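A.B. asks: Can you keep this structure in mind? I'll have questions shortly.
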Amino acid sequence: MSKVFKQKEHRVNALQNIHCTVYQGEMVAIMGTSGSGKSTLLNMISAIDEPTSGTIFLFGKESNAIYKEPKASNFRKENIGFIFQSFHLLKDLTVEDNIALPLILQDVPSKDIEVRVHMVMEHLGIAAWRKHRPHELSGGQKQRVAIARAIITKPPILLADEPTGSLDVKTTDEILQLLVDLQHDGQTILLVTHDPYVATFATRVLFFHDGTIVDSYQNKKTDTDLDNILTKFKTVTRGER
Ligand SMILES: Nc1ncnc2c1ncn2[C@@H]1O[C@H](COP(=O)(O)OP(=O)(O)OP(=O)(O)O)[C@@H](O)[C@H]1O
Ligand SMILES: [Mg+2]
């Protein structure tokens, strides 16, 4: 699949002939320099934007038909959960209302919403904060709320763009462990990160450079993963591959 953006006079090859397969239940980290096409890939997968050429297969089916509205929004609502570095919570809504929002948009009956929101809040350890508003929470708590909102509709794919970029080391560990627990429950996760340590929590790492996948690494869950990822990342960012 390729994606070309036209910026005034010149064309940007944001993704060039990339080919990869992500399996259900994998947690794939996407690493690469700024501008290497990581967010563009997430936008293609979630039908926010359309490839210039090529095809994405989702659940074994060609997804070219989903890029038109209202199909694209419906596809996203049903299949994709998003987590961002800056949380993107609605500041005027309580924690429980933020989490309930995707279900409200799907017209789920309010009794069911209540039950599901409560279950997810308990699961993520944020039930005590349910009546609070986002500004009263720490970064880690906000990201837990954002994760709760992302998984409340049980989407098969979770896309996370630098989800720990604004968090300290300890909170980063907690949030990543939460993602790993979700993955162990069968959740498929794509995780964009600049941080080799974060990538060690994934099952596999893809290295992007100039819109292409230049290398990959299968994590072994041993002490050597961090060094191996760091070495590959340095090679990639130096443009040696
Ligand atoms: N909507 C757009 N219009 C024009 N060019 C774009 C658009 N979106 C992205 N690009 C260009 O495509 C390239 C890839 O951008 P992308 O946002 O995917 O990079 P990234 O790997 O996510 O970078 P970062 O790590 O900084 O978030 C960049 O050169 C960027 O300027
Ligand atoms: Mg990006």
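Labels used: A, B, ... for chains in the order of the structure tokens, numbers from 1 for residues in each chain, and numbers from 1 for ligands as shown.
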For ligand 1, return the neighbouring residues as a PyMOL selection string (distance at most 12 Å; only C-alpha atoms and all ligand atoms).

C.D. replies: chain A and resi 2-16+30-44+48-51+84-85+160-162+165+191-195+207-213+237

A.B. asks: Step one, run DSSP on the backbone; step two, keep only residues of segment 138-211 of chain A assigned to alpha helix (DSSP H); then write them as a PyMOL selection string.

C.D. replies: chain A and resi 139-151+169-184+196-199

A.B. asks: Take the residues just selected and output them with C-alpha atoms as a short mmCIF file (atom, residue, chain, number, x, y, z; two decimals), in the first residue's frame.

C.D. replies:
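Listing of selection03.cif after writing:
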data_model
loop_
_atom_site.label_atom_id
_atom_site.label_comp_id
_atom_site.auth_asym_id
_atom_site.auth_seq_id
_atom_site.Cartn_x
_atom_site.Cartn_y
_atom_site.Cartn_z
CA GLY A 139 -1.78 11.60 33.63
CA GLY A 140 -1.84 7.87 34.33
CA GLN A 141 -5.44 8.00 35.53
CA LYS A 142 -6.45 9.99 32.46
CA GLN A 143 -4.83 7.41 30.21
CA ARG A 144 -6.71 4.63 32.05
CA VAL A 145 -9.95 6.49 31.37
CA ALA A 146 -8.95 6.89 27.72
CA ILE A 147 -8.20 3.16 27.49
CA ALA A 148 -11.55 2.35 29.14
CA ARG A 149 -13.29 4.52 26.54
CA ALA A 150 -11.30 2.88 23.74
CA ILE A 151 -12.22 -0.68 24.74
CA VAL A 169 8.48 5.85 33.99
CA LYS A 170 6.38 4.15 36.68
CA THR A 171 3.07 5.17 35.14
CA THR A 172 4.36 4.14 31.72
CA ASP A 173 4.99 0.65 33.12
CA GLU A 174 1.48 0.49 34.58
CA ILE A 175 -0.20 1.58 31.35
CA LEU A 176 1.91 -0.77 29.23
CA GLN A 177 1.14 -3.67 31.58
CA LEU A 178 -2.54 -2.84 31.15
CA LEU A 179 -2.13 -3.04 27.37
CA VAL A 180 -0.25 -6.33 27.70
CA ASP A 181 -3.08 -7.73 29.86
CA LEU A 182 -5.60 -6.70 27.18
CA GLN A 183 -3.43 -8.33 24.53
CA HIS A 184 -3.29 -11.55 26.56
CA PRO A 196 12.71 1.39 22.55
CA TYR A 197 11.76 0.50 26.14
CA VAL A 198 8.05 0.84 25.32
CA ALA A 199 8.58 -1.37 22.27
#

A.B. asks: Residues within 10 Å of Thr55 of chain A, please, as a PyMOL selection string. Count only C-alpha atoms; anything in the same chain fewer than 2 positions from it doesn't count.

C.D. replies: chain A and resi 1-2+19+44+50-53+57-58+61-64

A.B. asks: Got a sec: who's within 10 Å of His118 of chain A, counting only C-alpha atoms, leaving out chain neighbours fewer than 2 positions off, as a ChimeraX atom specification?

C.D. replies: /A:96,99-100,112-116,120-123,126-127,130

A.B. asks: Show me, as a list in words, the residues that have an atom within 10 Å of Val28 of chain A when counting only C-alpha atoms, minus same-chain residues fewer than 6 positions from it.

C.D. replies: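 Using only C-alpha atoms, the neighbours found are Val22, Leu159, Thr188, Ile189, Leu190, Leu191, Val192, Ala199, Phe201, Ala202, Thr203, Arg204, Val205, Leu206, Tyr217, Gln218 and Asn219 of chain A.
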
A.B. asks: Provide the atom CA of Leu105 of chain A to atom CA of Phe59 of chain A distance in Å, to one decimal place.

C.D. replies: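 Taking atom CA of Leu105 of chain A as the start and atom CA of Phe59 of chain A as the end point, the length is 23.8 Å.
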
A.B. asks: Can you pull out every residue within 6 Å of Ala72 of chain A, counting only C-alpha atoms, but drop anything in the same chain fewer than 5 positions away, and send it as a list in words?

C.D. replies: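 Close residues of Ala72 of chain A: Ala47, Ile66 and Tyr67 of chain A.
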
A.B. asks: Write the residues of the preceding selection, restricted to N, CA and C atoms, as an mmCIF file, in the first residue's frame.

C.D. replies:
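See part22.cif below for the written result:
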data_model
loop_
_atom_site.group_PDB
_atom_site.id
_atom_site.type_symbol
_atom_site.label_atom_id
_atom_site.label_comp_id
_atom_site.auth_asym_id
_atom_site.auth_seq_id
_atom_site.Cartn_x
_atom_site.Cartn_y
_atom_site.Cartn_z
ATOM 1 N N ALA A 47 -9.421 3.978 8.466
ATOM 2 C CA ALA A 47 -10.273 4.586 7.435
ATOM 3 C C ALA A 47 -10.490 6.084 7.644
ATOM 4 N N ILE A 66 -14.548 0.827 2.416
ATOM 5 C CA ILE A 66 -14.986 1.518 3.642
ATOM 6 C C ILE A 66 -14.568 2.976 3.714
ATOM 7 N N TYR A 67 -13.829 3.463 2.711
ATOM 8 C CA TYR A 67 -13.291 4.816 2.855
ATOM 9 C C TYR A 67 -14.290 5.932 2.606
#

A.B. asks: Name the residues of segment 40-185 of chain A that fall into strand (DSSP E) according to DSSP on the backbone, using the chain letters and numbers of this document, as JSON, numbers by chain.

C.D. replies: {"A": [57, 58, 61, 62, 80, 81, 82, 83, 84, 157, 158, 159, 160, 161]}

A.B. asks: Here is a test: counting only C-alpha atoms, which residue of A:Ser46, A:Lys154, A:Val108, A:Ile56 is nearest to Asn17 of chain A?

C.D. replies: A:Ile56

A.B. asks: Quote the spacing between atom CA of His88 of chain A and atom CA of Pro156 of chain A in Å to one decimal place.

C.D. replies: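 Taking atom CA of His88 of chain A as the start and atom CA of Pro156 of chain A as the end point, the length is 20.6 Å.
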
A.B. asks: For the atom pair atom CA of Phe82 of chain A and atom CA of Pro102 of chain A, what is the interatomic distance in Å to one decimal place?

C.D. replies: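 Atom CA of Phe82 of chain A sits 11.3 Å away from atom CA of Pro102 of chain A.
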
A.B. asks: Tell me which of A:Trp129, A:Leu158, A:Thr153, A:Pro163 sits closest to ligand 2, counting only C-alpha atoms and all ligand atoms.

C.D. replies: A:Pro163

A.B. asks: Taking only C-alpha atoms into account, name the residue in A:Thr200, A:Thr94, A:Glu26, A:Lys131 that is nearest to Thr224 of chain A.

C.D. replies: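 Using only C-alpha atoms, the shortest distance to Thr224 of chain A belongs to A:Thr200.
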